[in-house]
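Colleague: The structure's right below; bear with me while I get my questions together.
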Amino acid sequence: MEPSNIRMYPFWRSWAVWDLTSLLNFSRGLLAEKALVIDITVPILSPILARKKTLAEEIAALDVNKFECPVLPKKEGDEAAQRFRYEGYDIITLQKEIEREYTIPEPQTAEEVISYYAKAIANDVKLPSQFANLVPKVREFLETRAFGEPVSLDEPPMIRAISSNVAQYVTVKAFAAALRNLVVEQLTPHLIDAGRKLSETPPFPHSRVTVAAAKTVFNLVPCGNEFERRFAQFLEDTPNEDVTAFAKLPSQFGFSIDYTDSAGNLRYYEPDFVVVRPDGSHYLVETKGREDIDVIHKDRAACNWCENATLLTSTRWGYLKVPQGDFEKLQATEFADLLVVIPTLLP
């Protein structure tokens with residue numbers, strides 16, 4: 001039976017934490033020799049992505065007339081209104097199936113609406129300081145592009161038209177789409193440190209499934225689901241001539257890779273496993289049961305990290321994504337089998 005809450009730690013620290021000898025299976029002998037074989041060092045690279053603190057120049061250079069968006073209706077029931085389909089997106093997150101609506105009071109001037117939209121756009125791209133820079137561009141968009149022809153925003157009918165829910169959605173979405181690709185800038189990676197050992201991970205509790213293994217630096221392999229448990233057992237059962245060491249990378253170790261998601265937002269991704277082979281090559285391994293829309297972005301980021309780590313260190317790094325369906329069908333007995341069947345990156 002799995003314990004409901006056990007302690008994870010590098011195996012040679014076992015006597016310094018909790019007395020769990022009845023629950024945990026580990027060896028306290030030959031600690032230094034075993035540590036040299038199964039401890040894994042992960043290099044520390046500088047980020048290759050960063051959020052810009054200002055977009056003043058980029059906003060000023062925006063050509064709003066090139067924005068891709070539907071033509072807004074000038075009044076209820078006109079031809080443009082009949083063609084437009086409003087799908088109920090959250091004005092801030094732009095996620096479908098909103099649970100609330102963002103509305104504004106009946107505006108008296110176009111400036112009220114423009115200011116409201118500029119704030120919403122600045123919040124959406126997480127750059128609230130850009131409000132002042134966005135105001136003239138929002139006005140330009142509504143005057144020259146949004147309605148398919150130049151309009152005067154000072155007329156009462158147009159003030160009502162630009163303050164509709166449709167206008168809110170289209171304006172915020174158009175600007176967010178144009179700005180998201182500009183918010184994150186590419187940086188040249190460099191080696192901050194030759195590496196940090198997994199044995200430096202502080203002890204941490206774990207309440208899910210575990211695997212007892214001799215090839216890992218931890219007393220037990222902490223797994224997040226059944227597929228991870230089976231994959232960890234697979235790595236443990238492979239011959240030493242195939243895999244010399246592996247570890248499930250815990251969040252407490254603090255290793256993550258930056259990437260941009262499908263919406264252009266800067267995110268951080270934590271790979272599942274690290275595997276070391278007898279030739280010294282290292283692999284980041286992602287076990288994947290269900291794939292979401294951001295998987296391809298994570299894969300690309302992991303591949304880039306491995307390529308940079310290989311160039312900046314004396315260790316070859318590769319990335320391998322192991323889909324659950326392929327793993328179950330293959331019934332591999334060695335890690336090398338996966339490398340033959342599943343595409344990977346190994347510079």
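In the structure tokens, chains take the letters A, B, ... in the order shown, each chain's residues start at 1, and ligands count up from 1 in the order shown.
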Contacts between segment 269-293 of chain A and segment 222-260 of chain A, please, where a residue of segment 222-260 of chain A counts if it comes within 6 Å (with only C-alpha atoms); show its shortest atom pair and distance in Å to one decimal, rows by chain and ascending number, as a tab-separated table.
Modeller:
```
residue	atom	partner	partner_atom	distance
A:Val243	CA	A:Arg277	CA	4.7
A:Thr244	CA	A:Arg277	CA	5.5
A:Ala245	CA	A:Val276	CA	5.2
A:Phe246	CA	A:Val275	CA	4.3
A:Ala247	CA	A:Val274	CA	5.5
A:Lys248	CA	A:Phe273	CA	4.5
A:Leu249	CA	A:Phe273	CA	5.4
A:Ser256	CA	A:Glu270	CA	4.6
A:Ile257	CA	A:Tyr269	CA	5.1
```
Colleague: For Pro189 of chain A, find every residue with an atom within 7 Å (counting only C-alpha atoms), except residues of its own chain fewer than 6 positions away, and show them as a list in words.
Modeller: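 Everything that qualifies: Leu45, Ser46, Pro47 and Ile48 of chain A.
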Colleague: Kindly assemble as a tab-separated table a list of the segment 189-247 of chain A residues that lie within 8 Å of segment 304-315 of chain A, each paired with its nearest atom pair and their distance in Å to one decimal, using only C-alpha atoms, sorted first by chain and then by ascending residue number.
Modeller:
```
residue	atom	partner	partner_atom	distance
A:Pro189	CA	A:Asn308	CA	7.2
A:His190	CA	A:Leu312	CA	7.0
A:Leu191	CA	A:Leu312	CA	6.2
A:Ala194	CA	A:Thr313	CA	7.2
```
Colleague: Restricting the calculation to only C-alpha atoms: of A:Ser164, A:Thr201, A:Ser129, A:Thr210, which residue gets closest to Gln252 of chain A?
Modeller: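 When distances to Gln252 of chain A are compared using only C-alpha atoms, the smallest one comes from A:Thr201.
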Colleague: Expressed in Å to a single decimal, how great is the separation between atom CA of Asn225 of chain A and atom CA of Ala336 of chain A?
Modeller: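 If I compute the distance from atom CA of Asn225 of chain A to atom CA of Ala336 of chain A, I get 23.5 Å.
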Colleague: Check the DSSP output for the backbone and give back, as a ChimeraX atom specification, the residues of segment 165-319 of chain A in alpha helix (DSSP H).
Modeller: /A:165-183,226-237,295-312
